[in-house]
Amino acid sequence: MRHQRKLTQHFTLAEFTTSQVAIRQGILNEPSEKTIERLKEVATWLEEARTLLGFPIFISSGFRSPRVNHLVGGAANSAHMDGYAADITCFSFGRPYVVAKALVSIGKFDQLILEYGRWVHVSVNPHMRGEVLTATGKGYLKGLHDV
Ligand SMILES: [Zn+2]
């Protein structure tokens with residue numbers, strides 16, 4: 001199966017494409033080869049994150065086709081549609097705020113966003129702004145905030 005293909009030592013393509021919304025709606029969530037190459041860059045960053053945290057990382061959302069992105073209420077220009085982003089948790093290490101704090105030290109990301117205190121969004125793309133944000137119900141705050 002194509003999605004069992006490994007992107008890096010610990011991450012398969014399936015971990016980036018599995019979407020509960022897509023499964024429920026019967027939608028194929030298939031990235032192009034070009035997008036898979038981008039997902040590989042994200043997976044490479046996640047390997048560093050896994051090493052740093054010392055525990056496996058769970059990807060709750062990786063690639064999203066435009067339809068899946070729309071159904072989950074993603075931003076119209078979401079990095080998830082281009083294969084540049086992943087939403088992750090690692091509760092074996094700690095809650096998302098603690099995980100985000102640890103992962104900032106890796107650098108080499110475009111954005112690292114603690115979203116609603118519930119997961120960490122990381123994007124790896126050519127911009128590499130190293131921007132760290134906290135998403136709250138009211139908007140974005142600069143830096144990490146335990147809200
Ligand atoms: Zn995200």
# chains A, B, ... in the order shown; residues from 1 in each chain; ligands from 1
>>> select_by_dssp(residues="region 23-123 of chain A", states="alpha helix (DSSP H)", output="PyMOL selection string")
chain A and resi 23-25+33-53+66-71+96-103
>>> write_last_selection(atoms="N, CA, C and O atoms", output="short mmCIF file (atom, residue, chain, number, x, y, z; two decimals), in the first residue's frame")
data_model
loop_
_atom_site.label_atom_id
_atom_site.label_comp_id
_atom_site.auth_asym_id
_atom_site.auth_seq_id
_atom_site.Cartn_x
_atom_site.Cartn_y
_atom_site.Cartn_z
N ILE A 23 -12.20 9.87 6.42
CA ILE A 23 -12.71 8.50 6.56
C ILE A 23 -14.24 8.54 6.68
O ILE A 23 -14.95 7.82 5.96
N ARG A 24 -14.74 9.40 7.54
CA ARG A 24 -16.19 9.46 7.75
C ARG A 24 -16.94 9.88 6.49
O ARG A 24 -18.02 9.41 6.22
N GLN A 25 -16.32 10.80 5.72
CA GLN A 25 -16.99 11.32 4.53
C GLN A 25 -16.66 10.50 3.28
O GLN A 25 -17.14 10.81 2.20
N GLU A 33 3.00 13.58 -5.64
CA GLU A 33 4.40 13.23 -5.34
C GLU A 33 5.17 14.47 -4.87
O GLU A 33 6.00 14.39 -3.98
N LYS A 34 4.88 15.61 -5.49
CA LYS A 34 5.55 16.86 -5.09
C LYS A 34 5.22 17.18 -3.63
O LYS A 34 6.09 17.59 -2.85
N THR A 35 3.97 16.98 -3.26
CA THR A 35 3.56 17.24 -1.88
C THR A 35 4.19 16.23 -0.92
O THR A 35 4.58 16.58 0.19
N ILE A 36 4.33 14.98 -1.38
CA ILE A 36 4.96 13.96 -0.53
C ILE A 36 6.41 14.35 -0.23
O ILE A 36 6.90 14.15 0.88
N GLU A 37 7.08 14.94 -1.21
CA GLU A 37 8.46 15.40 -0.97
C GLU A 37 8.49 16.46 0.14
O GLU A 37 9.40 16.48 0.96
N ARG A 38 7.48 17.31 0.18
CA ARG A 38 7.40 18.33 1.24
C ARG A 38 7.10 17.67 2.59
O ARG A 38 7.66 18.07 3.61
N LEU A 39 6.22 16.68 2.57
CA LEU A 39 5.89 15.98 3.82
C LEU A 39 7.15 15.32 4.39
O LEU A 39 7.32 15.22 5.60
N LYS A 40 8.04 14.89 3.51
CA LYS A 40 9.30 14.29 3.95
C LYS A 40 10.13 15.29 4.75
O LYS A 40 10.79 14.93 5.72
N GLU A 41 10.10 16.54 4.33
CA GLU A 41 10.84 17.58 5.06
C GLU A 41 10.24 17.77 6.46
O GLU A 41 10.96 17.94 7.44
N VAL A 42 8.91 17.73 6.53
CA VAL A 42 8.24 17.85 7.83
C VAL A 42 8.60 16.64 8.70
O VAL A 42 8.92 16.77 9.88
N ALA A 43 8.57 15.45 8.09
CA ALA A 43 8.89 14.22 8.83
C ALA A 43 10.33 14.25 9.33
O ALA A 43 10.62 13.78 10.44
N THR A 44 11.22 14.82 8.55
CA THR A 44 12.62 14.93 8.97
C THR A 44 12.74 15.82 10.20
O THR A 44 13.47 15.52 11.14
N TRP A 45 11.97 16.90 10.21
CA TRP A 45 11.95 17.79 11.39
C TRP A 45 11.35 17.03 12.59
O TRP A 45 11.85 17.12 13.71
N LEU A 46 10.30 16.26 12.33
CA LEU A 46 9.67 15.50 13.41
C LEU A 46 10.59 14.42 13.98
O LEU A 46 10.48 14.07 15.15
N GLU A 47 11.50 13.91 13.16
CA GLU A 47 12.49 12.96 13.69
C GLU A 47 13.34 13.64 14.76
O GLU A 47 13.64 13.05 15.80
N GLU A 48 13.73 14.88 14.49
CA GLU A 48 14.51 15.63 15.48
C GLU A 48 13.68 15.87 16.73
O GLU A 48 14.19 15.78 17.86
N ALA A 49 12.40 16.17 16.52
CA ALA A 49 11.49 16.40 17.64
C ALA A 49 11.36 15.13 18.47
O ALA A 49 11.39 15.16 19.71
N ARG A 50 11.23 14.00 17.81
CA ARG A 50 11.09 12.70 18.48
C ARG A 50 12.33 12.39 19.32
O ARG A 50 12.24 11.94 20.45
N THR A 51 13.49 12.66 18.74
CA THR A 51 14.75 12.43 19.46
C THR A 51 14.83 13.34 20.68
O THR A 51 15.19 12.89 21.77
N LEU A 52 14.47 14.60 20.49
CA LEU A 52 14.53 15.56 21.61
C LEU A 52 13.57 15.17 22.74
O LEU A 52 13.94 15.21 23.91
N LEU A 53 12.35 14.80 22.37
CA LEU A 53 11.34 14.49 23.39
C LEU A 53 11.55 13.10 24.00
O LEU A 53 11.17 12.85 25.14
N PRO A 66 -7.83 19.98 -0.35
CA PRO A 66 -8.67 21.18 -0.16
C PRO A 66 -10.03 20.86 0.44
O PRO A 66 -10.53 21.59 1.29
N ARG A 67 -10.61 19.72 0.04
CA ARG A 67 -11.94 19.37 0.55
C ARG A 67 -11.89 19.02 2.04
O ARG A 67 -12.74 19.47 2.83
N VAL A 68 -10.88 18.25 2.42
CA VAL A 68 -10.72 17.90 3.84
C VAL A 68 -10.45 19.17 4.65
O VAL A 68 -11.03 19.38 5.72
N ASN A 69 -9.59 20.03 4.12
CA ASN A 69 -9.27 21.28 4.82
C ASN A 69 -10.52 22.12 5.05
O ASN A 69 -10.74 22.67 6.13
N HIS A 70 -11.36 22.17 4.03
CA HIS A 70 -12.61 22.93 4.13
C HIS A 70 -13.50 22.32 5.22
O HIS A 70 -14.05 23.03 6.06
N LEU A 71 -13.61 20.99 5.21
CA LEU A 71 -14.49 20.30 6.17
C LEU A 71 -14.03 20.44 7.61
O LEU A 71 -14.84 20.46 8.53
N PRO A 96 0.59 19.86 25.55
CA PRO A 96 1.06 20.59 24.36
C PRO A 96 1.91 21.83 24.67
O PRO A 96 2.89 22.09 23.95
N TYR A 97 1.59 22.57 25.70
CA TYR A 97 2.39 23.76 26.05
C TYR A 97 3.83 23.36 26.37
O TYR A 97 4.78 23.99 25.91
N VAL A 98 4.00 22.29 27.13
CA VAL A 98 5.33 21.80 27.52
C VAL A 98 6.08 21.28 26.29
O VAL A 98 7.28 21.52 26.12
N VAL A 99 5.36 20.59 25.43
CA VAL A 99 5.96 20.06 24.19
C VAL A 99 6.42 21.22 23.31
O VAL A 99 7.55 21.23 22.81
N ALA A 100 5.56 22.23 23.15
CA ALA A 100 5.90 23.39 22.31
C ALA A 100 7.15 24.09 22.84
O ALA A 100 8.05 24.44 22.07
N LYS A 101 7.21 24.26 24.15
CA LYS A 101 8.37 24.92 24.76
C LYS A 101 9.67 24.17 24.44
O LYS A 101 10.69 24.77 24.13
N ALA A 102 9.60 22.85 24.49
CA ALA A 102 10.79 22.04 24.21
C ALA A 102 11.16 22.12 22.73
O ALA A 102 12.35 22.21 22.38
N LEU A 103 10.16 22.14 21.85
CA LEU A 103 10.44 22.04 20.41
C LEU A 103 10.96 23.33 19.80
O LEU A 103 11.60 23.31 18.75
#
>>> residues_near_ligand(ligand="ligand 1", cutoff="6 Å", atoms="only C-alpha atoms and all ligand atoms", output="list of chain:residue names")
A:Ala86, A:Asp87, A:His121
>>> write_last_selection(atoms="all heavy atoms", output="mmCIF file, in the first residue's frame")
data_model
loop_
_atom_site.group_PDB
_atom_site.id
_atom_site.type_symbol
_atom_site.label_atom_id
_atom_site.label_comp_id
_atom_site.auth_asym_id
_atom_site.auth_seq_id
_atom_site.Cartn_x
_atom_site.Cartn_y
_atom_site.Cartn_z
ATOM 1 N N ALA A 86 2.244 19.935 10.085
ATOM 2 C CA ALA A 86 1.666 18.829 10.859
ATOM 3 C C ALA A 86 1.196 19.368 12.198
ATOM 4 O O ALA A 86 1.809 20.266 12.777
ATOM 5 C CB ALA A 86 2.693 17.725 11.070
ATOM 6 N N ASP A 87 0.090 18.818 12.676
ATOM 7 C CA ASP A 87 -0.400 19.094 14.029
ATOM 8 C C ASP A 87 -0.023 17.880 14.864
ATOM 9 O O ASP A 87 -0.363 16.752 14.492
ATOM 10 C CB ASP A 87 -1.924 19.256 14.038
ATOM 11 C CG ASP A 87 -2.380 20.491 13.275
ATOM 12 O OD1 ASP A 87 -1.555 21.396 13.061
ATOM 13 O OD2 ASP A 87 -3.562 20.529 12.895
ATOM 14 N N HIS A 121 1.099 23.008 16.156
ATOM 15 C CA HIS A 121 1.171 23.054 14.698
ATOM 16 C C HIS A 121 2.593 23.477 14.332
ATOM 17 O O HIS A 121 3.094 24.478 14.848
ATOM 18 C CB HIS A 121 0.144 24.087 14.185
ATOM 19 C CG HIS A 121 0.329 24.493 12.748
ATOM 20 N ND1 HIS A 121 -0.490 24.041 11.727
ATOM 21 C CD2 HIS A 121 1.229 25.327 12.169
ATOM 22 C CE1 HIS A 121 -0.094 24.580 10.580
ATOM 23 N NE2 HIS A 121 0.935 25.363 10.822
#
>>> atom_distance(atom1="CA of His10 (chain A)", atom2="CA of Arg64 (chain A)")
20.6 Å
>>> closest_residue(among="A:His3, A:Arg129, A:Lys108, A:Arg118", to="Phe91 (chain A)", atoms="only C-alpha atoms")
A:Arg118
>>> residues_around(residues="Tyr84 (chain A)", least_positions_apart="4", cutoff="6 Å", atoms="only C-alpha atoms", output="PyMOL selection string")
chain A and resi 38+79-80+123-125
>>> write_last_selection(atoms="all heavy atoms", output="PDB file, in the first residue's frame")
ATOM      1  N   ARG A  38       7.480  17.312   0.179  1.00  0.00           N
ATOM      2  CA  ARG A  38       7.397  18.328   1.236  1.00  0.00           C
ATOM      3  C   ARG A  38       7.104  17.674   2.591  1.00  0.00           C
ATOM      4  O   ARG A  38       7.662  18.072   3.615  1.00  0.00           O
ATOM      5  CB  ARG A  38       6.305  19.339   0.911  1.00  0.00           C
ATOM      6  CG  ARG A  38       6.623  20.165  -0.322  1.00  0.00           C
ATOM      7  CD  ARG A  38       5.405  20.962  -0.713  1.00  0.00           C
ATOM      8  NE  ARG A  38       5.646  21.805  -1.867  1.00  0.00           N
ATOM      9  CZ  ARG A  38       4.692  22.426  -2.536  1.00  0.00           C
ATOM     10  NH1 ARG A  38       3.433  22.311  -2.151  1.00  0.00           N
ATOM     11  NH2 ARG A  38       4.984  23.178  -3.572  1.00  0.00           N
ATOM     12  N   ALA A  79      -1.187  25.729   5.392  1.00  0.00           N
ATOM     13  CA  ALA A  79       0.037  25.022   4.996  1.00  0.00           C
ATOM     14  C   ALA A  79      -0.199  23.511   4.925  1.00  0.00           C
ATOM     15  O   ALA A  79       0.580  22.786   4.304  1.00  0.00           O
ATOM     16  CB  ALA A  79       1.157  25.336   5.987  1.00  0.00           C
ATOM     17  N   HIS A  80      -1.280  23.040   5.549  1.00  0.00           N
ATOM     18  CA  HIS A  80      -1.592  21.604   5.504  1.00  0.00           C
ATOM     19  C   HIS A  80      -1.931  21.159   4.079  1.00  0.00           C
ATOM     20  O   HIS A  80      -1.685  20.020   3.715  1.00  0.00           O
ATOM     21  CB  HIS A  80      -2.771  21.276   6.423  1.00  0.00           C
ATOM     22  CG  HIS A  80      -2.427  21.340   7.877  1.00  0.00           C
ATOM     23  ND1 HIS A  80      -1.801  20.317   8.539  1.00  0.00           N
ATOM     24  CD2 HIS A  80      -2.615  22.318   8.800  1.00  0.00           C
ATOM     25  CE1 HIS A  80      -1.623  20.652   9.808  1.00  0.00           C
ATOM     26  NE2 HIS A  80      -2.112  21.866   9.992  1.00  0.00           N
ATOM     27  N   SER A 123       5.132  24.149  10.872  1.00  0.00           N
ATOM     28  CA  SER A 123       5.273  24.156   9.419  1.00  0.00           C
ATOM     29  C   SER A 123       6.744  24.309   9.050  1.00  0.00           C
ATOM     30  O   SER A 123       7.492  25.042   9.698  1.00  0.00           O
ATOM     31  CB  SER A 123       4.425  25.263   8.775  1.00  0.00           C
ATOM     32  OG  SER A 123       4.832  26.530   9.230  1.00  0.00           O
ATOM     33  N   VAL A 124       7.116  23.543   8.047  1.00  0.00           N
ATOM     34  CA  VAL A 124       8.484  23.568   7.531  1.00  0.00           C
ATOM     35  C   VAL A 124       8.362  23.857   6.038  1.00  0.00           C
ATOM     36  O   VAL A 124       7.810  23.053   5.292  1.00  0.00           O
ATOM     37  CB  VAL A 124       9.174  22.200   7.755  1.00  0.00           C
ATOM     38  CG1 VAL A 124      10.578  22.208   7.172  1.00  0.00           C
ATOM     39  CG2 VAL A 124       9.207  21.848   9.237  1.00  0.00           C
ATOM     40  N   ASN A 125       8.783  25.030   5.631  1.00  0.00           N
ATOM     41  CA  ASN A 125       8.674  25.420   4.224  1.00  0.00           C
ATOM     42  C   ASN A 125       9.794  26.403   3.899  1.00  0.00           C
ATOM     43  O   ASN A 125      10.577  26.754   4.784  1.00  0.00           O
ATOM     44  CB  ASN A 125       7.277  26.016   3.945  1.00  0.00           C
ATOM     45  CG  ASN A 125       7.028  27.288   4.725  1.00  0.00           C
ATOM     46  OD1 ASN A 125       7.928  28.105   4.915  1.00  0.00           O
ATOM     47  ND2 ASN A 125       5.810  27.473   5.191  1.00  0.00           N
TER      48      ASN A 125
END
>>> atom_distance(atom1="CA of Ile113 (chain A)", atom2="CA of Leu133 (chain A)")
4.7 Å
>>> atom_distance(atom1="CA of Trp119 (chain A)", atom2="CA of Pro31 (chain A)")
22.8 Å
>>> closest_residue(among="A:Ile27, A:Leu114, A:Ala22, A:Ile59", to="Val72 (chain A)", atoms="only C-alpha atoms")
A:Ala22
>>> closest_residue(among="A:Leu144, A:Met81, A:Cys90, A:Leu112", to="Phe55 (chain A)", atoms="only C-alpha atoms")
A:Cys90
